[in-house]
Amino acid sequence: MLRILAITTALTTATLMPVTGFAAGESSSPPKKTETTQNCFKARQWDPETKKFVRFSEKVNGVWDANINKCVRPDKTSHLDSETLYKAVRELAYAGRYHDAIKVLDQMPEQLDDKVLTYRGFTARKLGDLELANVYYQQAIELNPDNILARSYMGQGKVSEGDLVTATLQLREIQNRGGAGTWAETSLRDAIATGSTYNY
């Protein structure tokens with residue numbers, strides 16, 4: 001409870017900048033596997049730009065990985081643009097590597113961006129902390145009421161909790177905010193109808 005209060009206080013007292021909404025089809029399909037989840041381990045992600053090659057010093061399946069890959073630790077990704085980092089977060093989360101996704105999120109330059117908060121909510125929900133997830137989703141929606149992805153994820157979390165009334169309210173909000181026909185609406189509608197939520 002103290003952790004949630006601390007997060008809420010920090011987010012509400014900070015100076016907030018305007019942010020943009022999500023593209024309608026952003027999450028319409030699972031993320032494609034890239035080197036980030038196929039060749040990079042221990043929270044590292046693929047760096048498509050750097051010329052510096054890094055040798056893994058981790059064991060993979062009990063064997064020292066002798067491959068040379070352009071995999072970098074999250075704290076060495078400041079030269080990467082936000083969209084590249086978001087893609088890595090989404091791919092790691094879809095692969096079930098939620099803690100690794102969080103480490104990449106920690107390196108995002110704007111921590112109070114509604115998109116960062118949305119993904120923090122998603123990873124918290126997938127790790128079973130629905131209360132913390134809802135704090136993040138609510139903060140994302142307060143920053144950007146038209147963030148239909150946050151509304152969809154929050155609604156899916158409510159489905160997991162058995163709260164179909166609140167999930168339906170979020171579905172209506174998505175539709176009223178121009179989200180009819182988007183993945184955000186479709187996925188939440190399906191979750192309400194079937195009880196199954198999405199992992200991307």
# chains A, B, ... in the order shown; residues from 1 in each chain; ligands from 1

call {"tool": "residues_around", "arguments": {"residues": "range 122-132 of chain A", "least_positions_apart": "5", "cutoff": "8 Å", "atoms": "only C-alpha atoms", "output": "list of chain:residue names"}}
result
A:Ile4, A:Ala93, A:Tyr98, A:His99, A:Ala101, A:Ile102, A:Tyr153, A:Gly157, A:Asn199

call {"tool": "closest_residue", "arguments": {"among": "A:Ser160, A:Ser82, A:Asn134, A:Ser152", "to": "Gln175 in chain A", "atoms": "only C-alpha atoms"}}
result
A:Ser152

call {"tool": "closest_residue", "arguments": {"among": "A:Tyr136, A:Tyr86, A:Tyr94, A:Tyr198", "to": "Thr186 in chain A", "atoms": "only C-alpha atoms"}}
result
A:Tyr198

call {"tool": "atom_distance", "arguments": {"atom1": "CA of Leu85 in chain A", "atom2": "CA of Asp106 in chain A"}}
result
10.4 Å

call {"tool": "residues_around", "arguments": {"residues": "Ser196 in chain A", "least_positions_apart": "3", "cutoff": "9 Å", "atoms": "only C-alpha atoms", "output": "list of chain:residue names"}}
result
A:Gln156, A:Val159, A:Ser160, A:Asp190, A:Ala191, A:Ile192, A:Ala193

call {"tool": "atom_distance", "arguments": {"atom1": "CA of Ala184 in chain A", "atom2": "CA of Leu164 in chain A"}}
result
16.2 Å
